[in-house]
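File shown: start09.txt. Contents: compact mmCIF, C-alpha atoms.
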```txt
# COMPACT_ATOMS: atom_id res chain seq x y z
CA MET A 1 54.35 8.07 235.16
CA SER A 2 51.26 6.96 237.10
CA ALA A 3 48.57 9.54 237.75
CA LEU A 4 48.36 10.78 241.33
CA VAL A 5 45.82 13.53 240.62
CA GLU A 6 43.19 13.44 237.88
CA ILE A 7 40.90 16.41 237.32
CA ARG A 8 38.34 16.38 234.52
CA GLY A 9 35.64 18.88 233.67
CA LEU A 10 36.03 20.70 236.98
CA ARG A 11 33.75 23.67 237.56
CA ALA A 12 33.64 25.78 240.73
CA TRP A 13 31.57 28.63 242.10
CA TYR A 14 31.69 31.45 244.61
CA GLY A 15 28.01 31.95 245.29
CA ALA A 16 26.35 32.31 241.89
CA SER A 17 29.60 33.29 240.15
CA GLU A 18 31.32 30.49 238.24
CA ALA A 19 35.10 30.69 238.61
CA LEU A 20 36.22 27.46 236.89
CA HIS A 21 34.77 26.40 233.54
CA GLY A 22 35.70 22.78 232.95
CA VAL A 23 39.33 22.36 234.01
CA ASP A 24 41.28 19.24 233.05
CA LEU A 25 44.61 18.58 234.79
CA ARG A 26 46.76 15.57 235.60
CA ILE A 27 49.65 15.35 238.06
CA GLY A 28 51.90 12.30 238.15
CA ALA A 29 53.37 10.76 241.28
CA GLY A 30 56.44 12.77 242.29
CA GLU A 31 55.84 15.35 239.54
CA THR A 32 56.07 19.12 240.02
CA VAL A 33 53.48 21.08 238.07
CA ALA A 34 53.53 24.88 238.10
CA LEU A 35 50.18 26.61 237.71
CA ALA A 36 50.75 30.00 236.09
CA GLY A 37 48.43 32.81 235.08
CA ARG A 38 47.36 36.32 235.93
CA ASN A 39 45.61 37.18 239.18
CA GLY A 40 41.97 36.18 238.91
CA SER A 41 42.62 33.45 236.35
CA GLY A 42 41.36 30.71 238.68
CA ARG A 43 44.59 29.24 240.02
CA SER A 44 43.80 29.57 243.72
CA THR A 45 40.22 28.47 243.10
CA LEU A 46 41.51 25.28 241.49
CA ALA A 47 43.60 24.55 244.59
CA LYS A 48 40.63 25.21 246.88
CA ALA A 49 38.34 23.07 244.72
CA LEU A 50 40.82 20.19 244.97
CA MET A 51 40.81 20.61 248.76
CA GLY A 52 37.01 20.72 248.98
CA MET A 53 36.96 24.35 250.12
CA VAL A 54 34.62 25.74 247.44
CA ARG A 55 31.49 24.43 245.74
CA ALA A 56 32.63 22.36 242.78
CA ARG A 57 31.42 19.82 240.26
CA GLY A 58 33.42 17.50 238.04
CA GLU A 59 35.85 14.63 238.48
CA ARG A 60 38.50 14.96 241.18
CA ARG A 61 40.52 11.85 241.96
CA PHE A 62 43.56 11.44 244.19
CA ALA A 63 45.51 8.16 244.17
CA GLY A 64 42.50 6.60 242.48
CA ARG A 65 40.00 7.80 245.07
CA CYS A 66 37.11 10.13 244.24
CA LEU A 67 37.18 13.29 246.38
CA ASP A 68 33.53 14.22 245.86
CA GLY A 69 31.73 14.86 249.12
CA LEU A 70 34.84 14.78 251.28
CA ARG A 71 35.56 17.59 253.72
CA PRO A 72 38.91 19.40 253.68
CA PHE A 73 40.33 17.57 256.70
CA GLU A 74 39.36 14.22 255.17
CA ILE A 75 41.10 15.15 251.92
CA ALA A 76 44.19 16.25 253.87
CA ARG A 77 44.31 12.89 255.65
CA LEU A 78 44.44 11.11 252.30
CA GLY A 79 47.85 12.69 251.74
CA ILE A 80 47.38 16.21 250.37
CA GLY A 81 49.16 19.10 252.06
CA TYR A 82 47.96 22.65 251.39
CA VAL A 83 49.88 25.86 252.04
CA ALA A 84 47.60 28.82 251.40
CA GLU A 85 48.84 32.18 250.17
CA THR A 86 47.86 33.61 253.58
CA ARG A 87 50.20 31.05 255.29
CA ASP A 88 47.76 30.67 258.23
CA VAL A 89 50.25 29.87 260.97
CA PHE A 90 48.96 29.94 264.55
CA PRO A 91 50.45 33.24 265.79
CA ALA A 92 50.06 32.61 269.53
CA LEU A 93 51.80 29.22 269.36
CA THR A 94 55.53 28.64 269.12
CA VAL A 95 57.26 27.38 266.01
CA ASP A 96 57.61 23.94 267.59
CA GLU A 97 53.94 23.85 268.63
CA ASN A 98 52.89 24.77 265.08
CA LEU A 99 54.90 21.83 263.76
CA LEU A 100 53.40 19.47 266.33
CA LEU A 101 49.92 20.39 265.10
CA GLY A 102 50.95 19.50 261.56
CA ILE A 103 51.95 15.92 262.36
CA ALA A 104 49.28 13.61 261.00
CA PRO A 105 48.18 10.49 262.89
CA ARG A 106 49.74 7.48 261.17
CA PRO A 107 47.42 4.52 260.51
CA ARG A 108 48.75 1.10 261.44
CA GLY A 109 50.84 -0.36 258.65
CA ARG A 110 51.56 2.97 256.95
CA ARG A 111 55.17 3.52 255.90
CA THR A 112 57.58 5.52 258.02
CA PRO A 113 56.95 9.26 257.42
CA ARG A 114 59.32 10.96 254.99
CA PHE A 115 59.46 14.09 257.15
CA ALA A 116 59.79 14.45 260.89
CA ARG A 117 60.31 17.67 262.83
CA ASP A 118 64.07 17.22 262.68
CA ASP A 119 63.85 16.97 258.88
CA ALA A 120 61.84 20.19 258.76
CA TYR A 121 64.41 21.93 260.92
CA ALA A 122 67.18 20.61 258.66
CA LEU A 123 65.43 22.16 255.65
CA PHE A 124 64.92 25.45 257.45
CA PRO A 125 67.68 25.98 260.05
CA VAL A 126 66.26 29.38 260.97
CA LEU A 127 63.18 27.64 262.34
CA ARG A 128 65.34 25.50 264.61
CA GLU A 129 66.95 28.68 265.94
CA ARG A 130 63.51 30.17 266.59
CA ARG A 131 61.65 27.04 267.66
CA ALA A 132 60.60 28.62 270.99
CA ALA A 133 59.45 31.90 269.38
CA ARG A 134 55.77 32.59 268.81
CA ALA A 135 54.85 32.35 265.14
CA GLY A 136 53.23 35.78 265.22
CA VAL A 137 56.60 37.52 265.71
CA LEU A 138 58.31 35.79 262.78
CA SER A 139 59.10 37.64 259.58
CA GLY A 140 57.04 36.97 256.47
CA GLY A 141 59.74 34.69 255.09
CA GLU A 142 60.01 32.76 258.34
CA GLN A 143 56.23 32.33 258.48
CA GLN A 144 56.26 30.96 254.92
CA MET A 145 58.97 28.50 255.86
CA LEU A 146 56.95 27.46 258.92
CA ALA A 147 53.81 26.96 256.83
CA LEU A 148 55.76 24.74 254.42
CA ALA A 149 57.42 22.81 257.23
CA ARG A 150 54.08 22.24 259.00
CA ALA A 151 52.58 20.85 255.78
CA LEU A 152 55.57 18.56 255.22
CA VAL A 153 55.45 16.93 258.67
CA GLY A 154 51.93 15.84 257.72
CA ASP A 155 53.72 13.48 255.27
CA PRO A 156 51.82 14.44 252.08
CA ASP A 157 52.09 12.66 248.75
CA LEU A 158 51.00 15.93 247.11
CA LEU A 159 51.85 19.41 248.33
CA ILE A 160 49.79 22.33 247.02
CA VAL A 161 51.62 25.63 247.52
CA ASP A 162 49.93 28.93 246.68
CA GLU A 163 52.30 31.83 245.90
CA PRO A 164 55.06 30.75 248.30
CA THR A 165 57.40 33.63 247.41
CA GLU A 166 54.81 36.42 247.41
CA GLY A 167 56.16 39.43 249.31
CA LEU A 168 59.41 37.72 250.29
CA ALA A 169 62.89 39.17 250.04
CA ALA A 170 65.11 37.54 247.42
CA GLN A 171 67.10 35.51 249.96
CA ALA A 172 63.98 34.12 251.65
CA ALA A 173 62.39 33.35 248.27
CA ALA A 174 65.51 31.47 247.21
CA ARG A 175 65.43 29.37 250.39
CA VAL A 176 61.78 28.47 249.78
CA GLY A 177 62.69 27.49 246.22
CA GLU A 178 65.50 25.26 247.52
CA CYS A 179 63.05 23.52 249.84
CA LEU A 180 60.59 22.85 247.03
CA ALA A 181 63.39 21.51 244.83
CA ALA A 182 64.47 19.16 247.63
CA LEU A 183 61.04 17.52 247.63
CA ARG A 184 61.95 15.71 244.41
CA THR A 185 64.32 13.45 246.31
CA HIS A 186 61.48 12.49 248.67
CA GLY A 187 58.99 11.61 245.93
CA VAL A 188 56.51 14.34 246.87
CA ALA A 189 54.41 15.72 244.02
CA VAL A 190 53.94 19.50 244.01
CA LEU A 191 51.27 21.76 242.56
CA LEU A 192 53.00 25.15 242.62
CA ILE A 193 50.98 28.32 242.10
CA GLU A 194 53.61 30.94 241.34
CA GLN A 195 53.88 34.28 239.55
CA ARG A 196 57.66 34.15 239.18
CA LEU A 197 58.17 32.35 235.90
CA ALA A 198 61.88 31.89 236.59
CA LEU A 199 61.12 29.89 239.74
CA ALA A 200 58.46 27.85 237.96
CA HIS A 201 60.90 27.15 235.11
CA ASP A 202 63.59 25.97 237.51
CA LEU A 203 61.32 23.70 239.58
CA ALA A 204 58.57 22.38 237.32
CA ASP A 205 58.37 19.32 235.12
CA ARG A 206 55.30 20.90 233.49
CA VAL A 207 53.63 24.29 233.42
CA ALA A 208 49.86 24.68 233.12
CA VAL A 209 48.69 28.19 232.28
CA MET A 210 45.23 29.32 233.34
CA GLY A 211 43.08 32.06 231.85
CA HIS A 212 39.45 32.93 232.55
CA GLY A 213 38.95 29.79 234.64
CA GLU A 214 40.32 27.35 232.06
CA ILE A 215 43.64 25.69 231.21
CA VAL A 216 44.92 27.42 228.07
CA PHE A 217 48.32 25.70 227.89
CA ASP A 218 49.88 22.57 229.39
CA GLY A 219 53.44 21.58 228.53
CA THR A 220 57.06 21.62 229.58
CA PRO A 221 58.82 24.85 230.59
CA ALA A 222 60.78 24.70 227.31
CA GLN A 223 57.55 24.38 225.32
CA LEU A 224 56.09 27.37 227.16
CA ALA A 225 59.20 29.46 226.47
CA ALA A 226 58.70 28.78 222.77
CA ARG A 227 55.10 29.98 222.84
CA ASP A 228 55.35 33.77 222.68
CA ASP A 229 51.59 33.97 222.13
CA VAL A 230 50.77 32.20 225.40
CA VAL A 231 53.29 34.26 227.36
CA ARG A 232 52.03 37.51 225.81
CA ASP A 233 48.30 36.85 225.98
CA TRP A 234 47.96 34.96 229.25
CA LEU A 235 50.95 35.83 231.44
CA GLY A 236 51.29 39.53 230.74
CA VAL A 237 55.06 39.58 230.25
CA GLY A 238 57.09 40.21 227.14
```
Can you present the structure in this file as structure tokens?
Amino acid sequence: MSALVEIRGLRAWYGASEALHGVDLRIGAGETVALAGRNGSGRSTLAKALMGMVRARGERRFAGRCLDGLRPFEIARLGIGYVAETRDVFPALTVDENLLLGIAPRPRGRRTPRFARDDAYALFPVLRERRAARAGVLSGGEQQMLALARALVGDPDLLIVDEPTEGLAAQAAARVGECLAALRTHGVAVLLIEQRLALAHDLADRVAVMGHGEIVFDGTPAQLAARDDVVRDWLGVG
């Protein structure tokens, strides 16, 4: 599998505080990698460092291109979608207007987008029903679906999703999981930051576990399940 994302020796800071201490991670084209770990382990910081949102040093390459010095919107235009834990929908705009803002300009000669608004509505029928509603009145689950749909109409090759099921009811969480699973058929790679190990196990080709700003395990879900020490020491579950 060819490398879509290559991260080597990545360090990142918030002010004077170093949050990442030399992270190495590789994501193949079309691969789903779950990033697991306790709160504060550095998972969200890694996502932000990849998007150019925090001060970072080390090698970050996407589709062979170095990301050093690029601003977040420039990185997004290369083909990386980012759904933050805070969702960040535009509350005063309608569902349809939020999706329109997510559609990326397509350079001449670029392939036909894998996702249009109709595809997003097909993935999340509830959004079609509420397309004229303002995003601020949607439920938490509906806002998460909208954030995912808005990222997808940007036609990313990599989708970074931070805690997509946090605070959602079981039914809404299951629908989000179904959407992420459907991305496999479209060839979209996913970096999934998720606390629910069951969801990560179902969706991921690989699981990378973070602790204290470093990768402490990288392997298949089956390999992780066989490592009681990693689960006990770094994930906090029995």
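With distances restricted to all atoms listed in the file, A:Met53 is the closest residue to Phe73 of chain A from A:Pro113, A:Ala222, A:Met53, A:Leu35.
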Between atom CA of Glu194 of chain A and atom CA of His212 of chain A - distance in Å to one decimal: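 Pair atom CA of His212 of chain A / atom CA of Glu194 of chain A returns 16.8 Å.
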Extract, using only C-alpha atoms, all DNA, RNA and protein residues at most 8 Å from segment 203-205 of chain A, discarding same-chain residues fewer than 5 positions from it, and format them as a PyMOL selection string. chain A and resi 31-34+177+180-181+220-221
Could those residues be written to a file, using C-alpha atoms, as a CSV table (one decimal), in the frame of the given file?
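The resulting selection_20.csv:
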```csv
chain,number,residue,atom,x,y,z
A,31,GLU,CA,55.8,15.4,239.5
A,32,THR,CA,56.1,19.1,240.0
A,33,VAL,CA,53.5,21.1,238.1
A,34,ALA,CA,53.5,24.9,238.1
A,177,GLY,CA,62.7,27.5,246.2
A,180,LEU,CA,60.6,22.8,247.0
A,181,ALA,CA,63.4,21.5,244.8
A,220,THR,CA,57.1,21.6,229.6
A,221,PRO,CA,58.8,24.8,230.6
```
Would you work out the distance separating atom CA of Val161 of chain A from atom CA of Leu192 of chain A, expressed in Å to one decimal?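 Between these atoms lies a distance of 5.1 Å.
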Using only C-alpha atoms, can you list as a list in words the residues within 9 Å of (48.0, 26.7, 229.5)?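 The residues near that point, listed by chain and number, are Leu35, Ala36, Gly37, Val207, Ala208, Val209, Met210, Gly211, Glu214, Ile215, Val216, Phe217, Asp218, Gly219, Leu224, Val230 and Trp234 of chain A.
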